[in-house]
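Student: Sharing a structure with you now.
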Amino acid sequence: MLQSIVSYELHGLLYLMSAILIHLVLAPIFIYKEPQRKFLFALILMALIFLYWRYEDVDPLVYSLHLFPICLIAAILFAGFIPACMTWLIFNLGCLMILNYYWQPALFGSTALLAIGYLLRNKAYAQHLKSKLFYATGLLIIYELLYASLSSYIRFQFTLYVVYTLIFTIVSLWIITFLLFYVKKHEVHKQRLIALEKDRMLGQLAATISHEIRNPLTSTRGFIQLLNQKELTYYDQKRYIELALSGVDQANTIINDYLNYAKPSSGLHEQLDIKEEIEAMLRFIMPFATDHQVVINIQHENEDPLFILGESKKLRQCLINLIKNAIESMPDGGIITLTTCKLPNAVQVSITDTGVGMSKTQLNSLGMPFYTTKEHGTGLGLVVVMSIIQMMNGTISFSSHLNQGTQCSILFKQH
């Protein structure tokens with residue numbers, strides 16, 4: 001008898017612990033979606049309960065005295081009132097389908113538990129571990145007493161089997177409460193760390209932007225002051241004006257890059273043929289490549305059009321930026337090979353150069369705001385490219401070795 005009780009309750013406990021583990025894994029995906037995250041645990045719990053009904057040998061007594069109250073109490077104390085209502089509904093449906101004549105006390109006890117949970121929804125949700133354990137135990141006792149109050153109606157007797165079930169139910173409830181408490185605590189700490197990281201990044205970004213803009217503005221101010229000199233040749237005057245304007249243009253470029261980084265795309269999606277976009281982009285970048293003695297080879301592995309969803313202007317901006325970076329990595333000239341191919345449910349674009357390459361440290365730092373390997377770069381161009389590609393349901397990756405060139409691979413998923 002004891003062995004069967006332990007077996008039934010361990011099975012239910014393992015399903016609950018699996019729900020907690022899955023919630024712990026999936027919660028970071030919804031870290032910025034608080035309403036969806038509140039329902040996550042209840043949805044995972046429901047999915048596992050369906051599996052429990054389908055594949056486990058369900059003992060009606062263990063289901064109604066052990067699994068049902070523990071899941072409902074966990075939802076009340078850690079997920080909130082609406083997820084608790086969802087749990088209450090699905091479990092009572094299970095009672096009607098599985099428990100047969102046991103469904104009346106389960107419905108009565110769980111409804112009372114839900115009402116108490118509504119009254120305690122603010123107080124019980126923000127408590128310490130000891131208080132959580134106290135509330136959980138109290139709610140379980142209330143449920144079991146209400147369940148027992150209908151024992152005469154359903155001709156239910158408190159045998160030794162029931163006593164063992166109740167003892168293991170209390171132990172299981174404490175284990176689940178302990179685990180859920182620290183899972184929620186982990187989530188809170190993660191949110192605080194993200195908030196602190198946001199503040200740190202904003203401060204670092206503001207300091208870097210001010211530093212980057214101050215340099216060209218300082219040089220511009222210096223050249224404008226030089227223009228006040230009385231004995232100044234026409235050649236010097238023209239040169240100082242050009243240098244001052246270049247400083248203003250540099251500051252303007254930094255601001256534009258930052259704005260593109262902050263708002264990378266309008267979200268417009270249209271069907272684009274990647275081959276046509278590459279041909280259109282080449283008309284703009286080819287003179288720049290010729291000036292730097294760089295040859296661009298195009299290789300299409302498929303003759304058919306390669307369609308993706310995106311924004312033409314932004315896509316060309318990305319390709320021009322990447323090709324320009326590749327050209328600038330070859331100061332003595334070289335070859336850029338641009339390859340397209342069709343993969344299952346995706347289109348791949350590869351850009352390979354024969355430039356100076358990058359070290360492992362440089363490669364790992366790509367995509368960080370204001371990190372650049374170029375002498376006069378801002379470091380925001382590649383960040384903008386990554387943001388745009390991500391908005392177009394794509395991914396970008398780099399592989400490189402010093403003095404062996406760099407390969408950039410872009411993968412656009414197709415629906």
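Residue names in the structure tokens use chain letters A, B, ... in the order shown, residue numbers from 1 in each chain, and ligand numbers from 1 in the order shown.
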With a distance cut-off of 7 Å and only C-alpha atoms, select the neighbouring residues of region 394-400 of chain A, excluding the residue or stretch itself and same-chain residues fewer than 2 positions from it, and output the selection as a PyMOL selection string.

Tutor: chain A and resi 357-358+386+389-390+392+402+405-413

Student: With only C-alpha atoms as the counted atoms, please give the residues lying no more than 12 Å from Tyr135 (chain A), apart from itself and same-chain residues fewer than 2 positions off, as number ranges by chain.

Tutor: A: 73-74, 76-78, 113, 116-117, 120-121, 123-133, 137-142, 173-174, 177

Student: Please, could you write that set of residues out with N, CA, C and O atoms as a short mmCIF file (atom, residue, chain, number, x, y, z; two decimals), in the first residue's frame?

Tutor:
data_model
loop_
_atom_site.label_atom_id
_atom_site.label_comp_id
_atom_site.auth_asym_id
_atom_site.auth_seq_id
_atom_site.Cartn_x
_atom_site.Cartn_y
_atom_site.Cartn_z
N ILE A 73 -2.75 25.51 -5.42
CA ILE A 73 -2.09 26.37 -4.43
C ILE A 73 -0.84 27.02 -5.03
O ILE A 73 -0.57 28.21 -4.80
N ALA A 74 -0.07 26.26 -5.81
CA ALA A 74 1.12 26.82 -6.47
C ALA A 74 0.74 27.95 -7.41
O ALA A 74 1.41 29.00 -7.46
N ILE A 76 -1.98 29.85 -7.21
CA ILE A 76 -2.49 30.97 -6.40
C ILE A 76 -1.33 31.79 -5.82
O ILE A 76 -1.33 33.02 -5.88
N LEU A 77 -0.33 31.09 -5.27
CA LEU A 77 0.74 31.79 -4.55
C LEU A 77 1.83 32.36 -5.46
O LEU A 77 2.49 33.34 -5.09
N PHE A 78 2.01 31.77 -6.65
CA PHE A 78 3.16 32.17 -7.46
C PHE A 78 2.82 32.68 -8.85
O PHE A 78 3.62 33.40 -9.44
N LEU A 113 -11.03 27.34 -2.21
CA LEU A 113 -9.62 27.69 -2.24
C LEU A 113 -9.36 28.85 -3.19
O LEU A 113 -8.57 29.76 -2.89
N ILE A 116 -10.54 32.07 -1.55
CA ILE A 116 -9.56 32.52 -0.55
C ILE A 116 -8.34 33.11 -1.25
O ILE A 116 -7.78 34.12 -0.82
N GLY A 117 -7.90 32.46 -2.33
CA GLY A 117 -6.77 32.97 -3.09
C GLY A 117 -7.03 34.36 -3.65
O GLY A 117 -6.11 35.19 -3.71
N LEU A 120 -6.61 36.82 -0.83
CA LEU A 120 -5.21 36.94 -0.39
C LEU A 120 -4.25 37.22 -1.54
O LEU A 120 -3.04 37.10 -1.37
N ARG A 121 -4.78 37.59 -2.73
CA ARG A 121 -3.96 37.65 -3.93
C ARG A 121 -2.82 38.65 -3.82
O ARG A 121 -1.74 38.44 -4.37
N LYS A 123 -1.63 39.97 -0.69
CA LYS A 123 -0.86 39.74 0.52
C LYS A 123 0.02 38.50 0.41
O LYS A 123 1.20 38.52 0.79
N ALA A 124 -0.54 37.43 -0.12
CA ALA A 124 0.19 36.17 -0.17
C ALA A 124 1.22 36.12 -1.30
O ALA A 124 2.16 35.36 -1.24
N TYR A 125 1.03 36.96 -2.34
CA TYR A 125 1.91 36.89 -3.51
C TYR A 125 3.30 37.45 -3.21
O TYR A 125 4.27 37.05 -3.82
N ALA A 126 3.39 38.38 -2.26
CA ALA A 126 4.68 39.05 -1.99
C ALA A 126 5.15 38.74 -0.58
O ALA A 126 5.32 39.63 0.24
N GLN A 127 5.35 37.47 -0.28
CA GLN A 127 5.78 37.06 1.05
C GLN A 127 7.12 36.34 0.97
O GLN A 127 7.58 35.93 -0.09
N HIS A 128 7.74 36.19 2.17
CA HIS A 128 8.99 35.44 2.26
C HIS A 128 8.69 33.94 2.27
O HIS A 128 7.54 33.52 2.31
N LEU A 129 9.75 33.14 2.25
CA LEU A 129 9.58 31.69 2.13
C LEU A 129 8.77 31.12 3.29
O LEU A 129 7.87 30.30 3.07
N LYS A 130 9.07 31.54 4.51
CA LYS A 130 8.33 31.00 5.66
C LYS A 130 6.85 31.32 5.56
O LYS A 130 5.99 30.48 5.85
N SER A 131 6.56 32.54 5.14
CA SER A 131 5.14 32.94 4.99
C SER A 131 4.48 32.15 3.87
O SER A 131 3.32 31.74 3.98
N LYS A 132 5.22 31.92 2.78
CA LYS A 132 4.68 31.13 1.68
C LYS A 132 4.35 29.72 2.15
O LYS A 132 3.29 29.17 1.82
N LEU A 133 5.27 29.12 2.89
CA LEU A 133 5.03 27.77 3.41
C LEU A 133 3.83 27.75 4.35
O LEU A 133 3.02 26.81 4.33
N THR A 137 0.47 25.66 3.46
CA THR A 137 -0.01 24.61 4.37
C THR A 137 -1.43 24.90 4.83
O THR A 137 -2.27 24.00 4.89
N GLY A 138 -1.69 26.17 5.15
CA GLY A 138 -3.04 26.56 5.57
C GLY A 138 -4.07 26.31 4.49
O GLY A 138 -5.17 25.78 4.77
N LEU A 139 -3.74 26.67 3.25
CA LEU A 139 -4.67 26.44 2.14
C LEU A 139 -4.91 24.96 1.91
O LEU A 139 -6.04 24.53 1.63
N LEU A 140 -3.85 24.15 2.05
CA LEU A 140 -4.00 22.72 1.87
C LEU A 140 -4.91 22.12 2.95
O LEU A 140 -5.79 21.29 2.65
N ILE A 141 -4.73 22.54 4.20
CA ILE A 141 -5.57 22.04 5.29
C ILE A 141 -7.04 22.40 5.05
O ILE A 141 -7.95 21.59 5.26
N ILE A 142 -7.27 23.65 4.59
CA ILE A 142 -8.64 24.08 4.30
C ILE A 142 -9.25 23.21 3.22
O ILE A 142 -10.40 22.76 3.33
N LEU A 173 3.92 19.42 -1.15
CA LEU A 173 3.59 20.85 -1.23
C LEU A 173 4.74 21.71 -0.75
O LEU A 173 5.05 22.75 -1.36
N TRP A 174 5.41 21.30 0.31
CA TRP A 174 6.56 22.08 0.81
C TRP A 174 7.70 22.08 -0.22
O TRP A 174 8.34 23.10 -0.43
N THR A 177 6.62 24.39 -3.12
CA THR A 177 6.65 25.79 -2.66
C THR A 177 8.08 26.30 -2.57
O THR A 177 8.39 27.42 -2.99
#

Student: Could you list, as number ranges by chain, every residue within 10 Å of region 47-49 of chain A, counting only C-alpha atoms and ignoring same-chain residues fewer than 2 positions away?

Tutor: A: 12, 15-16, 18-19, 41-45, 51-56, 67, 71, 87, 90-91, 94

Student: Give me a file of those residues, with C-alpha atoms, as a PDB file, in the first residue's frame.

Tutor:
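Everything below was put into out_0.pdb:
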ATOM      1  CA  GLY A  12       2.605  13.609  -9.852  1.00  0.00           C
ATOM      2  CA  TYR A  15       5.266  16.290 -13.450  1.00  0.00           C
ATOM      3  CA  LEU A  16       5.100  19.371 -11.238  1.00  0.00           C
ATOM      4  CA  SER A  18       9.065  19.258 -14.792  1.00  0.00           C
ATOM      5  CA  ALA A  19       6.664  22.189 -15.123  1.00  0.00           C
ATOM      6  CA  PHE A  41       3.482  28.495 -15.635  1.00  0.00           C
ATOM      7  CA  ALA A  42      -0.252  27.767 -15.847  1.00  0.00           C
ATOM      8  CA  LEU A  43      -0.002  26.893 -19.548  1.00  0.00           C
ATOM      9  CA  ILE A  44       2.979  24.595 -18.961  1.00  0.00           C
ATOM     10  CA  LEU A  45       1.126  22.979 -16.061  1.00  0.00           C
ATOM     11  CA  LEU A  51       0.134  14.223 -20.648  1.00  0.00           C
ATOM     12  CA  TYR A  52      -0.525  12.946 -17.107  1.00  0.00           C
ATOM     13  CA  TRP A  53      -4.100  12.042 -18.034  1.00  0.00           C
ATOM     14  CA  ARG A  54      -2.992  10.401 -21.246  1.00  0.00           C
ATOM     15  CA  TYR A  55      -0.011   8.318 -20.162  1.00  0.00           C
ATOM     16  CA  GLU A  56      -0.260   7.769 -16.387  1.00  0.00           C
ATOM     17  CA  LEU A  67      -2.043  16.669  -7.405  1.00  0.00           C
ATOM     18  CA  CYS A  71      -1.132  22.654  -8.436  1.00  0.00           C
ATOM     19  CA  THR A  87      -5.729  25.770 -13.292  1.00  0.00           C
ATOM     20  CA  ILE A  90      -8.688  22.402 -16.209  1.00  0.00           C
ATOM     21  CA  PHE A  91      -8.386  20.299 -13.065  1.00  0.00           C
ATOM     22  CA  GLY A  94     -10.188  16.389 -15.236  1.00  0.00           C
TER      23      GLY A  94
END

Student: Between CA of Ala326 (chain A) and CA of Leu343 (chain A), what is the distance, to one decimal in Å?

Tutor: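 Pair CA of Ala326 (chain A) / CA of Leu343 (chain A) returns 24.5 Å.
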
Student: Neighbouring residues of Glu311 (chain A) were defined as those with any atom within 12 Å, considering only C-alpha atoms; residues of the same chain fewer than 2 positions away were excluded. Please report them as a list of chain:residue names.

Tutor: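 Contacts, in chain order: A:Pro264, A:Ser265, A:Ser266, A:Gly267, A:Leu268, A:His269, A:Glu270, A:Gln271, A:Leu272, A:Asp273, A:Ile274, A:Glu277, A:Ile308, A:Leu309, A:Lys313, A:Lys314, A:Leu315, A:Arg316, A:Gln317, A:Cys318, A:Ile388, A:Ile389, A:Met391, A:Met392, A:Asn393.
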
Student: What does the file look like for those residues with N, CA, C and O atoms, as a compact mmCIF listing (two decimals), in the first residue's frame?

Tutor:
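For reference, out.txt as written:
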# COMPACT_ATOMS: atom_id res chain seq x y z
N PRO A 264 16.02 50.92 -36.02
CA PRO A 264 16.63 50.34 -37.20
C PRO A 264 15.68 50.12 -38.38
O PRO A 264 16.11 50.07 -39.51
N SER A 265 14.40 49.94 -38.14
CA SER A 265 13.51 49.59 -39.25
C SER A 265 12.11 50.07 -38.98
O SER A 265 11.67 50.17 -37.83
N SER A 266 11.40 50.36 -40.07
CA SER A 266 10.01 50.79 -39.95
C SER A 266 9.05 49.61 -39.85
O SER A 266 7.86 49.80 -39.66
N GLY A 267 9.58 48.38 -40.01
CA GLY A 267 8.74 47.20 -39.91
C GLY A 267 8.01 46.87 -41.21
O GLY A 267 7.17 45.98 -41.24
N LEU A 268 8.32 47.58 -42.29
CA LEU A 268 7.68 47.32 -43.57
C LEU A 268 8.23 46.03 -44.17
O LEU A 268 9.43 45.84 -44.26
N HIS A 269 7.34 45.14 -44.61
CA HIS A 269 7.76 43.87 -45.20
C HIS A 269 7.21 43.78 -46.61
O HIS A 269 6.01 43.92 -46.84
N GLU A 270 8.09 43.53 -47.55
CA GLU A 270 7.71 43.31 -48.94
C GLU A 270 8.55 42.17 -49.49
O GLU A 270 9.62 41.86 -48.97
N GLN A 271 8.06 41.56 -50.55
CA GLN A 271 8.80 40.45 -51.14
C GLN A 271 9.95 40.99 -51.99
O GLN A 271 9.75 41.79 -52.89
N LEU A 272 11.15 40.53 -51.70
CA LEU A 272 12.34 41.01 -52.38
C LEU A 272 13.07 39.83 -53.02
O LEU A 272 13.15 38.75 -52.42
N ASP A 273 13.59 40.06 -54.21
CA ASP A 273 14.48 39.09 -54.84
C ASP A 273 15.91 39.49 -54.48
O ASP A 273 16.39 40.55 -54.87
N ILE A 274 16.56 38.64 -53.71
CA ILE A 274 17.89 38.97 -53.19
C ILE A 274 18.88 39.22 -54.33
O ILE A 274 19.79 40.06 -54.21
N GLU A 277 18.38 42.77 -55.57
CA GLU A 277 18.87 43.73 -54.57
C GLU A 277 20.40 43.81 -54.62
O GLU A 277 20.98 44.89 -54.46
N ILE A 308 12.84 36.86 -50.33
CA ILE A 308 12.78 37.02 -48.87
C ILE A 308 11.81 38.14 -48.56
O ILE A 308 11.39 38.89 -49.46
N LEU A 309 11.42 38.27 -47.30
CA LEU A 309 10.57 39.37 -46.86
C LEU A 309 11.44 40.41 -46.14
O LEU A 309 12.22 40.06 -45.27
N LYS A 313 15.26 49.26 -49.11
CA LYS A 313 16.22 50.31 -48.78
C LYS A 313 17.14 49.88 -47.65
O LYS A 313 18.36 50.10 -47.69
N LYS A 314 16.57 49.25 -46.63
CA LYS A 314 17.36 48.82 -45.48
C LYS A 314 18.28 47.66 -45.85
O LYS A 314 19.42 47.59 -45.37
N LEU A 315 17.79 46.76 -46.69
CA LEU A 315 18.62 45.63 -47.10
C LEU A 315 19.84 46.11 -47.89
O LEU A 315 20.96 45.65 -47.66
N ARG A 316 19.63 47.04 -48.80
CA ARG A 316 20.75 47.58 -49.56
C ARG A 316 21.73 48.32 -48.65
O ARG A 316 22.95 48.26 -48.85
N GLN A 317 21.19 48.99 -47.65
CA GLN A 317 22.06 49.67 -46.69
C GLN A 317 22.96 48.66 -45.98
O GLN A 317 24.17 48.90 -45.80
N CYS A 318 22.40 47.51 -45.59
CA CYS A 318 23.18 46.47 -44.93
C CYS A 318 24.28 45.94 -45.84
O CYS A 318 25.44 45.81 -45.44
N ILE A 388 18.96 45.51 -38.33
CA ILE A 388 18.09 45.43 -39.51
C ILE A 388 17.89 43.99 -39.93
O ILE A 388 16.75 43.56 -40.21
N ILE A 389 18.95 43.21 -39.98
CA ILE A 389 18.84 41.81 -40.39
C ILE A 389 17.96 41.03 -39.41
O ILE A 389 17.16 40.18 -39.82
N MET A 391 15.50 42.28 -37.69
CA MET A 391 14.13 42.71 -37.94
C MET A 391 13.56 42.03 -39.19
O MET A 391 12.34 41.88 -39.33
N MET A 392 14.44 41.62 -40.11
CA MET A 392 14.00 40.95 -41.34
C MET A 392 14.03 39.43 -41.17
O MET A 392 14.11 38.70 -42.16
N ASN A 393 13.98 38.96 -39.93
CA ASN A 393 13.93 37.53 -39.62
C ASN A 393 15.18 36.80 -40.13
O ASN A 393 15.11 35.70 -40.66

Student: How far is it from CA of Cys95 (chain A) to CA of Tyr63 (chain A), in Å with one decimal?

Tutor: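 Here the two named atoms are 8.3 Å from each other.
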
Student: Calculate how many Å separate CA of Pro69 (chain A) from CA of Ile176 (chain A), rounding to one decimal.

Tutor: 11.8 Å

Student: Identify which of the residues A:Lys275, A:Lys360, A:His401, A:His186 lies closest to Thr339 (chain A), counting only C-alpha atoms when measuring atom-to-atom distances.

Tutor: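 With only C-alpha atoms as the atom set, the closest residue is A:Lys275.
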